[in-house]
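Text of the file structure07.pdb, holding PDB, C-alpha atoms:
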```pdb
ATOM      1  CA  MET A   1     167.090  81.967 373.622  1.00  0.00           C
ATOM      2  CA  PHE A   2     170.516  80.359 374.218  1.00  0.00           C
ATOM      3  CA  THR A   3     173.424  82.765 373.946  1.00  0.00           C
ATOM      4  CA  THR A   4     177.078  82.577 374.883  1.00  0.00           C
ATOM      5  CA  ARG A   5     176.824  86.099 376.305  1.00  0.00           C
ATOM      6  CA  LYS A   6     176.351  85.937 380.067  1.00  0.00           C
ATOM      7  CA  GLN A   7     175.788  88.792 382.478  1.00  0.00           C
ATOM      8  CA  TYR A   8     176.263  89.747 386.088  1.00  0.00           C
ATOM      9  CA  GLU A   9     175.316  92.663 388.323  1.00  0.00           C
ATOM     10  CA  PRO A  10     178.374  94.375 389.843  1.00  0.00           C
ATOM     11  CA  TYR A  11     178.078  95.772 393.352  1.00  0.00           C
ATOM     12  CA  VAL A  12     177.084  99.428 393.278  1.00  0.00           C
ATOM     13  CA  SER A  13     178.301 101.529 396.200  1.00  0.00           C
ATOM     14  CA  PRO A  14     176.431 104.645 397.287  1.00  0.00           C
ATOM     15  CA  PHE A  15     179.743 106.473 397.111  1.00  0.00           C
ATOM     16  CA  ASP A  16     180.495 105.608 393.503  1.00  0.00           C
ATOM     17  CA  PRO A  17     181.826 108.773 391.819  1.00  0.00           C
ATOM     18  CA  CYS A  18     180.333 107.924 388.416  1.00  0.00           C
ATOM     19  CA  ALA A  19     177.037 106.566 387.215  1.00  0.00           C
ATOM     20  CA  PRO A  20     177.024 102.836 388.004  1.00  0.00           C
ATOM     21  CA  ILE A  21     176.915 100.176 385.315  1.00  0.00           C
ATOM     22  CA  LEU A  22     174.108  97.962 386.586  1.00  0.00           C
ATOM     23  CA  VAL A  23     174.561  94.937 384.372  1.00  0.00           C
ATOM     24  CA  LYS A  24     177.831  93.848 382.799  1.00  0.00           C
ATOM     25  CA  THR A  25     178.063  91.120 380.129  1.00  0.00           C
ATOM     26  CA  TYR A  26     180.847  88.771 379.080  1.00  0.00           C
ATOM     27  CA  VAL A  27     181.137  86.248 376.267  1.00  0.00           C
ATOM     28  CA  THR A  28     181.858  82.585 376.890  1.00  0.00           C
ATOM     29  CA  PRO A  29     183.473  80.461 374.170  1.00  0.00           C
ATOM     30  CA  PRO A  30     181.051  78.183 372.290  1.00  0.00           C
ATOM     31  CA  ASN A  31     183.159  75.086 372.814  1.00  0.00           C
ATOM     32  CA  LEU A  32     182.192  75.121 376.508  1.00  0.00           C
ATOM     33  CA  TYR A  33     178.744  73.986 375.515  1.00  0.00           C
ATOM     34  CA  VAL A  34     179.734  71.310 373.009  1.00  0.00           C
ATOM     35  CA  GLY A  35     181.955  68.865 374.824  1.00  0.00           C
ATOM     36  CA  PHE A  36     182.988  66.066 372.487  1.00  0.00           C
ATOM     37  CA  GLN A  37     182.324  67.403 368.994  1.00  0.00           C
ATOM     38  CA  PRO A  38     179.532  65.433 367.264  1.00  0.00           C
ATOM     39  CA  PRO A  39     180.147  64.413 363.622  1.00  0.00           C
ATOM     40  CA  ASN A  40     178.619  66.106 360.554  1.00  0.00           C
ATOM     41  CA  LEU A  41     178.160  69.552 362.001  1.00  0.00           C
ATOM     42  CA  PRO A  42     177.189  72.296 359.502  1.00  0.00           C
ATOM     43  CA  GLN A  43     180.250  73.938 357.987  1.00  0.00           C
ATOM     44  CA  PHE A  44     181.104  77.264 356.398  1.00  0.00           C
ATOM     45  CA  PRO A  45     182.097  77.415 352.734  1.00  0.00           C
ATOM     46  CA  LEU A  46     185.895  77.358 352.492  1.00  0.00           C
ATOM     47  CA  HIS A  47     186.540  81.046 351.881  1.00  0.00           C
ATOM     48  CA  GLU A  48     184.248  82.053 354.685  1.00  0.00           C
ATOM     49  CA  ALA A  49     185.837  79.472 356.985  1.00  0.00           C
ATOM     50  CA  LEU A  50     189.212  81.049 356.276  1.00  0.00           C
ATOM     51  CA  LYS A  51     187.923  84.522 357.165  1.00  0.00           C
ATOM     52  CA  LYS A  52     185.997  83.345 360.228  1.00  0.00           C
ATOM     53  CA  GLY A  53     188.738  81.175 361.625  1.00  0.00           C
ATOM     54  CA  THR A  54     186.763  77.991 361.970  1.00  0.00           C
ATOM     55  CA  LEU A  55     185.277  75.358 359.705  1.00  0.00           C
ATOM     56  CA  TRP A  56     182.179  74.635 361.807  1.00  0.00           C
ATOM     57  CA  LYS A  57     179.439  77.188 362.301  1.00  0.00           C
ATOM     58  CA  ILE A  58     178.857  76.561 366.001  1.00  0.00           C
ATOM     59  CA  PHE A  59     182.448  77.451 366.881  1.00  0.00           C
ATOM     60  CA  TYR A  60     182.344  80.840 365.192  1.00  0.00           C
ATOM     61  CA  ASP A  61     182.681  83.427 367.954  1.00  0.00           C
ATOM     62  CA  PRO A  62     183.545  87.016 366.964  1.00  0.00           C
ATOM     63  CA  TYR A  63     183.719  87.926 370.668  1.00  0.00           C
ATOM     64  CA  TYR A  64     182.151  91.352 370.165  1.00  0.00           C
ATOM     65  CA  SER A  65     182.025  93.731 373.077  1.00  0.00           C
ATOM     66  CA  PRO A  66     178.500  94.843 374.024  1.00  0.00           C
ATOM     67  CA  TYR A  67     179.250  98.240 372.476  1.00  0.00           C
ATOM     68  CA  GLU A  68     180.305  96.688 369.195  1.00  0.00           C
ATOM     69  CA  MET A  69     177.228  94.499 369.341  1.00  0.00           C
ATOM     70  CA  ALA A  70     175.056  97.594 369.230  1.00  0.00           C
ATOM     71  CA  ASN A  71     175.984  98.516 365.668  1.00  0.00           C
ATOM     72  CA  LYS A  72     177.444  95.352 364.194  1.00  0.00           C
ATOM     73  CA  GLY A  73     175.428  92.534 365.700  1.00  0.00           C
ATOM     74  CA  ASP A  74     176.591  89.008 364.911  1.00  0.00           C
ATOM     75  CA  GLY A  75     177.263  89.428 361.187  1.00  0.00           C
ATOM     76  CA  GLN A  76     180.755  90.154 360.025  1.00  0.00           C
TER      77      GLN A  76
ATOM     78  CA  MET B  77     208.729  97.047 338.827  1.00  0.00           C
ATOM     79  CA  LYS B  78     207.551  93.455 339.032  1.00  0.00           C
ATOM     80  CA  GLN B  79     203.822  93.203 339.734  1.00  0.00           C
ATOM     81  CA  MET B  80     202.027  89.906 340.220  1.00  0.00           C
ATOM     82  CA  PRO B  81     198.781  89.451 338.262  1.00  0.00           C
ATOM     83  CA  LYS B  82     195.401  89.331 339.975  1.00  0.00           C
ATOM     84  CA  GLU B  83     195.089  85.576 339.339  1.00  0.00           C
ATOM     85  CA  TYR B  84     198.231  85.061 341.429  1.00  0.00           C
ATOM     86  CA  TYR B  85     196.502  86.378 344.514  1.00  0.00           C
ATOM     87  CA  GLU B  86     193.234  84.604 343.783  1.00  0.00           C
ATOM     88  CA  LEU B  87     195.051  81.305 343.376  1.00  0.00           C
ATOM     89  CA  LEU B  88     196.987  81.862 346.578  1.00  0.00           C
ATOM     90  CA  GLU B  89     193.816  82.654 348.483  1.00  0.00           C
ATOM     91  CA  LYS B  90     192.124  79.513 347.163  1.00  0.00           C
ATOM     92  CA  LEU B  91     195.155  77.487 348.213  1.00  0.00           C
ATOM     93  CA  GLN B  92     195.076  79.151 351.615  1.00  0.00           C
ATOM     94  CA  ALA B  93     191.374  78.393 352.086  1.00  0.00           C
ATOM     95  CA  VAL B  94     191.881  74.735 351.212  1.00  0.00           C
ATOM     96  CA  ASP B  95     194.920  74.523 353.465  1.00  0.00           C
ATOM     97  CA  PHE B  96     192.995  75.986 356.371  1.00  0.00           C
ATOM     98  CA  ALA B  97     190.171  73.501 355.930  1.00  0.00           C
ATOM     99  CA  LEU B  98     192.727  70.694 355.780  1.00  0.00           C
ATOM    100  CA  VAL B  99     194.284  71.822 359.039  1.00  0.00           C
ATOM    101  CA  GLU B 100     190.881  71.980 360.701  1.00  0.00           C
ATOM    102  CA  LEU B 101     189.941  68.547 359.427  1.00  0.00           C
ATOM    103  CA  THR B 102     193.269  67.075 360.496  1.00  0.00           C
ATOM    104  CA  LEU B 103     192.753  68.316 364.031  1.00  0.00           C
ATOM    105  CA  TYR B 104     189.172  67.089 363.977  1.00  0.00           C
ATOM    106  CA  LEU B 105     190.132  63.666 362.654  1.00  0.00           C
ATOM    107  CA  ASP B 106     192.813  63.279 365.303  1.00  0.00           C
ATOM    108  CA  THR B 107     189.998  62.930 367.821  1.00  0.00           C
ATOM    109  CA  HIS B 108     187.397  61.379 365.510  1.00  0.00           C
ATOM    110  CA  PRO B 109     189.303  58.638 363.667  1.00  0.00           C
ATOM    111  CA  ASN B 110     186.267  56.796 362.313  1.00  0.00           C
ATOM    112  CA  ASP B 111     184.235  59.741 361.026  1.00  0.00           C
ATOM    113  CA  TYR B 112     183.927  58.480 357.470  1.00  0.00           C
ATOM    114  CA  GLN B 113     182.379  61.608 356.001  1.00  0.00           C
ATOM    115  CA  ALA B 114     185.099  63.865 357.400  1.00  0.00           C
ATOM    116  CA  ILE B 115     187.732  61.549 355.948  1.00  0.00           C
ATOM    117  CA  GLN B 116     185.994  61.711 352.587  1.00  0.00           C
ATOM    118  CA  GLN B 117     185.979  65.485 352.756  1.00  0.00           C
ATOM    119  CA  PHE B 118     189.621  65.465 353.791  1.00  0.00           C
ATOM    120  CA  ASN B 119     190.601  63.359 350.805  1.00  0.00           C
ATOM    121  CA  GLN B 120     188.578  65.490 348.419  1.00  0.00           C
ATOM    122  CA  LEU B 121     190.280  68.610 349.762  1.00  0.00           C
ATOM    123  CA  ALA B 122     193.707  66.976 349.589  1.00  0.00           C
ATOM    124  CA  GLN B 123     193.087  66.153 345.934  1.00  0.00           C
ATOM    125  CA  GLN B 124     191.828  69.671 345.331  1.00  0.00           C
ATOM    126  CA  ARG B 125     194.954  71.051 346.985  1.00  0.00           C
ATOM    127  CA  LYS B 126     197.224  68.952 344.765  1.00  0.00           C
ATOM    128  CA  HIS B 127     195.406  70.329 341.739  1.00  0.00           C
ATOM    129  CA  LEU B 128     195.723  73.914 342.996  1.00  0.00           C
ATOM    130  CA  LYS B 129     199.404  73.390 343.761  1.00  0.00           C
ATOM    131  CA  LYS B 130     200.044  72.062 340.261  1.00  0.00           C
ATOM    132  CA  GLN B 131     198.133  74.980 338.784  1.00  0.00           C
ATOM    133  CA  TYR B 132     200.150  77.478 340.843  1.00  0.00           C
ATOM    134  CA  GLU B 133     203.501  75.932 340.156  1.00  0.00           C
ATOM    135  CA  THR B 134     203.095  75.734 336.403  1.00  0.00           C
ATOM    136  CA  ALA B 135     202.306  79.435 336.414  1.00  0.00           C
ATOM    137  CA  TYR B 136     204.435  80.922 339.177  1.00  0.00           C
ATOM    138  CA  GLY B 137     207.204  78.542 340.155  1.00  0.00           C
ATOM    139  CA  PRO B 138     207.800  76.170 343.054  1.00  0.00           C
ATOM    140  CA  LEU B 139     205.886  76.513 346.302  1.00  0.00           C
ATOM    141  CA  GLN B 140     208.142  74.322 348.419  1.00  0.00           C
ATOM    142  CA  GLN B 141     211.663  72.981 348.150  1.00  0.00           C
ATOM    143  CA  TYR B 142     213.678  69.800 348.688  1.00  0.00           C
ATOM    144  CA  GLY B 143     211.659  67.879 346.163  1.00  0.00           C
ATOM    145  CA  ASN B 144     208.236  68.930 347.363  1.00  0.00           C
ATOM    146  CA  SER B 145     207.849  70.950 344.170  1.00  0.00           C
ATOM    147  CA  TYR B 146     209.095  70.586 340.644  1.00  0.00           C
ATOM    148  CA  SER B 147     211.580  73.199 339.533  1.00  0.00           C
ATOM    149  CA  ASN B 148     211.482  75.440 336.520  1.00  0.00           C
ATOM    150  CA  TYR B 149     214.423  76.131 334.297  1.00  0.00           C
ATOM    151  CA  PRO B 150     216.539  78.020 335.317  1.00  0.00           C
ATOM    152  CA  TRP B 151     216.617  77.249 339.038  1.00  0.00           C
ATOM    153  CA  ASN B 152     214.453  80.065 340.388  1.00  0.00           C
ATOM    154  CA  TRP B 153     213.009  79.215 343.761  1.00  0.00           C
ATOM    155  CA  ASN B 154     214.641  82.360 345.190  1.00  0.00           C
ATOM    156  CA  ASP B 155     212.835  84.725 342.795  1.00  0.00           C
ATOM    157  CA  THR B 156     210.658  87.454 344.243  1.00  0.00           C
ATOM    158  CA  PRO B 157     208.057  87.694 345.660  1.00  0.00           C
ATOM    159  CA  TRP B 158     209.086  85.910 348.814  1.00  0.00           C
ATOM    160  CA  PRO B 159     206.236  84.872 351.126  1.00  0.00           C
ATOM    161  CA  TRP B 160     206.446  88.028 353.195  1.00  0.00           C
ATOM    162  CA  GLN B 161     206.611  90.203 350.098  1.00  0.00           C
ATOM    163  CA  VAL B 162     203.464  88.801 348.543  1.00  0.00           C
TER     164      VAL B 162
END
```
Would you give me this structure, written as structure tokens?
Amino acid sequence: MFTTRKQYEPYVSPFDPCAPILVKTYVTPPNLYVGFQPPNLPQFPLHEALKKGTLWKIFYDPYYSPYEMANKGDGQ
Amino acid sequence: MKQMPKEYYELLEKLQAVDFALVELTLYLDTHPNDYQAIQQFNQLAQQRKHLKKQYETAYGPLQQYGNSYSNYPWNWNDTPWPWQV
């Protein structure tokens, strides 16, 4: 399933003092995948758009860290 | 102690929501000049904003100055609350 959250595997050295983090994730902004904005995209209702910081649904990006994701997920 | 009524804040938030949408649409229309539906939405929101502004100003005084808003009597644009006191 398409997601803006990408991941990579950092190098793990045998001499690492702490338990290694095997997979790290980072969030990429949604506008990378849109290019020239097509017309008539679905929009948020006005009050929600004000809270979410964008009028169009695809550009909404709360940029949660993976730890926040655990309890909050994508809703706000 | 002067306290603003609840409607004051609701009206301001409505105005803020419409203003935000207008800003977004302006930026969008800068790059999409012939998107007819967005222009329609922009004009509807502009009309809605005028209505909200009129509603606010009759109740709570001018929003802007230098002729952008009508004035009450007496001249009271400098009454509290100022924008940062709201």
How big is the axis-aligned box, and where does its centre sit, when it encloses all atoms of segment 142-159 of chain B listed in the file and has 4 Å added on every side, reported in Å to one decimal as JSON?
```
{"center_x": 211.4, "center_y": 77.8, "center_z": 342.7, "size_x": 18.4, "size_y": 27.8, "size_z": 24.8}
```
Using the chain letters and numbers from the file, give me the residues hit by the ChimeraX specification (/A :<7) & /B, as an MDAnalysis selection string. chainID B and resid 93:94 96:97 100 111
So what do you get for atom CA of Gly137 of chain B versus atom CA of Pro157 of chain B, distance-wise?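 It comes out at 10.7 Å.
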Could you list the residues chosen by the PyMOL selection byres ((chain A and resi 59) around 12) in this structure as a PyMOL selection string? (chain A and resi 4+28-35+37+41-44+49+52-58+60-63) or (chain B and resi 100)
How far is it from atom CA of Pro109 of chain B to atom CA of Asn144 of chain B, in Å with one decimal?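 Computed distance, atom CA of Pro109 of chain B to atom CA of Asn144 of chain B, equals 27.0 Å.
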Grab the atom CA of Ser65 of chain A to atom CA of Thr25 of chain A distance for me, in Å with one decimal place.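 According to the coordinates, atom CA of Ser65 of chain A and atom CA of Thr25 of chain A are separated by 8.5 Å.
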Can you spell out as a PyMOL selection string the set of residues that the PyMOL selection byres ((chain B and resi 114) around 9) selects in the structure I just provided? (chain A and resi 39-40) or (chain B and resi 101+104-105+108+110-113+115-119)
From B:Met77, B:Leu121, B:Leu88, B:Lys82, residue lying nearest Pro159 of chain B [all atoms listed in the file]: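 Smallest distance to Pro159 of chain B is found for B:Leu88.
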Give me, as a ChimeraX atom specification, all polymer residues having an atom no more than 12 Å from Asn148 of chain B, counting all atoms listed in the file and skipping those fewer than 3 positions away in the same chain. /B:133-139,141,145,151-155
Mind checking which residues fall within 7 Å of Glu9 of chain A, counting all atoms listed in the file, ignoring those fewer than 2 positions away in the same chain, and posting them as a PyMOL selection string? chain A and resi 11+22-24
Completion step: segment 21-32 of chain A with all heavy atoms as a short mmCIF file (atom, residue, chain, number, x, y, z; two decimals), in the coordinates of the input:
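Printed below is out-v6.cif as written:
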```cif
data_model
loop_
_atom_site.label_atom_id
_atom_site.label_comp_id
_atom_site.auth_asym_id
_atom_site.auth_seq_id
_atom_site.Cartn_x
_atom_site.Cartn_y
_atom_site.Cartn_z
N ILE A 21 177.35 101.09 386.39
CA ILE A 21 176.92 100.18 385.32
C ILE A 21 176.20 99.03 386.02
O ILE A 21 176.81 98.30 386.79
CB ILE A 21 178.13 99.65 384.52
CG1 ILE A 21 178.85 100.80 383.83
CG2 ILE A 21 177.70 98.61 383.50
CD1 ILE A 21 180.14 100.39 383.14
N LEU A 22 174.89 98.89 385.77
CA LEU A 22 174.11 97.96 386.59
C LEU A 22 174.33 96.52 386.16
O LEU A 22 174.43 95.63 386.98
CB LEU A 22 172.62 98.32 386.49
CG LEU A 22 172.32 99.71 387.05
CD1 LEU A 22 170.86 100.06 386.90
CD2 LEU A 22 172.74 99.77 388.53
N VAL A 23 174.41 96.32 384.85
CA VAL A 23 174.56 94.94 384.37
C VAL A 23 175.76 94.89 383.43
O VAL A 23 175.85 95.70 382.50
CB VAL A 23 173.30 94.48 383.60
CG1 VAL A 23 173.54 93.09 383.03
CG2 VAL A 23 172.09 94.49 384.52
N LYS A 24 176.68 93.99 383.70
CA LYS A 24 177.83 93.85 382.80
C LYS A 24 177.74 92.49 382.13
O LYS A 24 177.27 91.52 382.75
CB LYS A 24 179.14 93.97 383.58
CG LYS A 24 179.29 95.35 384.22
CD LYS A 24 180.70 95.56 384.73
CE LYS A 24 181.60 96.06 383.62
NZ LYS A 24 182.90 96.56 384.13
N THR A 25 178.17 92.41 380.83
CA THR A 25 178.06 91.12 380.13
C THR A 25 179.46 90.64 379.75
O THR A 25 180.39 91.46 379.63
CB THR A 25 177.25 91.26 378.83
OG1 THR A 25 177.99 92.12 377.95
CG2 THR A 25 175.89 91.83 379.07
N TYR A 26 179.59 89.35 379.57
CA TYR A 26 180.85 88.77 379.08
C TYR A 26 180.50 87.61 378.17
O TYR A 26 179.41 87.03 378.27
CB TYR A 26 181.73 88.31 380.25
CG TYR A 26 181.08 87.31 381.15
CD1 TYR A 26 181.30 85.94 380.98
CD2 TYR A 26 180.22 87.71 382.17
CE1 TYR A 26 180.69 85.01 381.79
CE2 TYR A 26 179.61 86.78 382.98
CZ TYR A 26 179.85 85.43 382.80
OH TYR A 26 179.25 84.51 383.62
N VAL A 27 181.43 87.28 377.26
CA VAL A 27 181.14 86.25 376.27
C VAL A 27 181.89 84.98 376.63
O VAL A 27 183.07 85.04 376.97
CB VAL A 27 181.58 86.73 374.87
CG1 VAL A 27 181.26 85.67 373.83
CG2 VAL A 27 180.90 88.03 374.52
N THR A 28 181.20 83.86 376.60
CA THR A 28 181.86 82.58 376.89
C THR A 28 182.07 81.85 375.57
O THR A 28 181.23 81.95 374.66
CB THR A 28 180.96 81.72 377.78
OG1 THR A 28 179.67 81.64 377.15
CG2 THR A 28 180.81 82.34 379.14
N PRO A 29 183.19 81.14 375.44
CA PRO A 29 183.47 80.46 374.17
C PRO A 29 182.46 79.34 373.89
O PRO A 29 182.04 78.66 374.82
CB PRO A 29 184.87 79.89 374.37
CG PRO A 29 185.11 79.88 375.82
CD PRO A 29 184.26 80.94 376.42
N PRO A 30 182.08 79.17 372.62
CA PRO A 30 181.05 78.18 372.29
C PRO A 30 181.46 76.76 372.61
O PRO A 30 180.62 75.91 372.88
CB PRO A 30 180.84 78.36 370.79
CG PRO A 30 181.87 79.26 370.30
CD PRO A 30 182.48 79.96 371.45
N ASN A 31 182.81 76.49 372.64
CA ASN A 31 183.16 75.09 372.81
C ASN A 31 182.87 74.60 374.23
O ASN A 31 182.89 73.40 374.50
CB ASN A 31 184.63 74.87 372.47
CG ASN A 31 185.52 75.77 373.28
OD1 ASN A 31 185.09 76.82 373.74
ND2 ASN A 31 186.75 75.38 373.45
N LEU A 32 182.56 75.54 375.14
CA LEU A 32 182.19 75.12 376.51
C LEU A 32 180.93 74.28 376.48
O LEU A 32 180.75 73.38 377.30
CB LEU A 32 181.91 76.35 377.37
CG LEU A 32 183.10 77.20 377.78
CD1 LEU A 32 182.64 78.31 378.72
CD2 LEU A 32 184.16 76.34 378.44
#
```
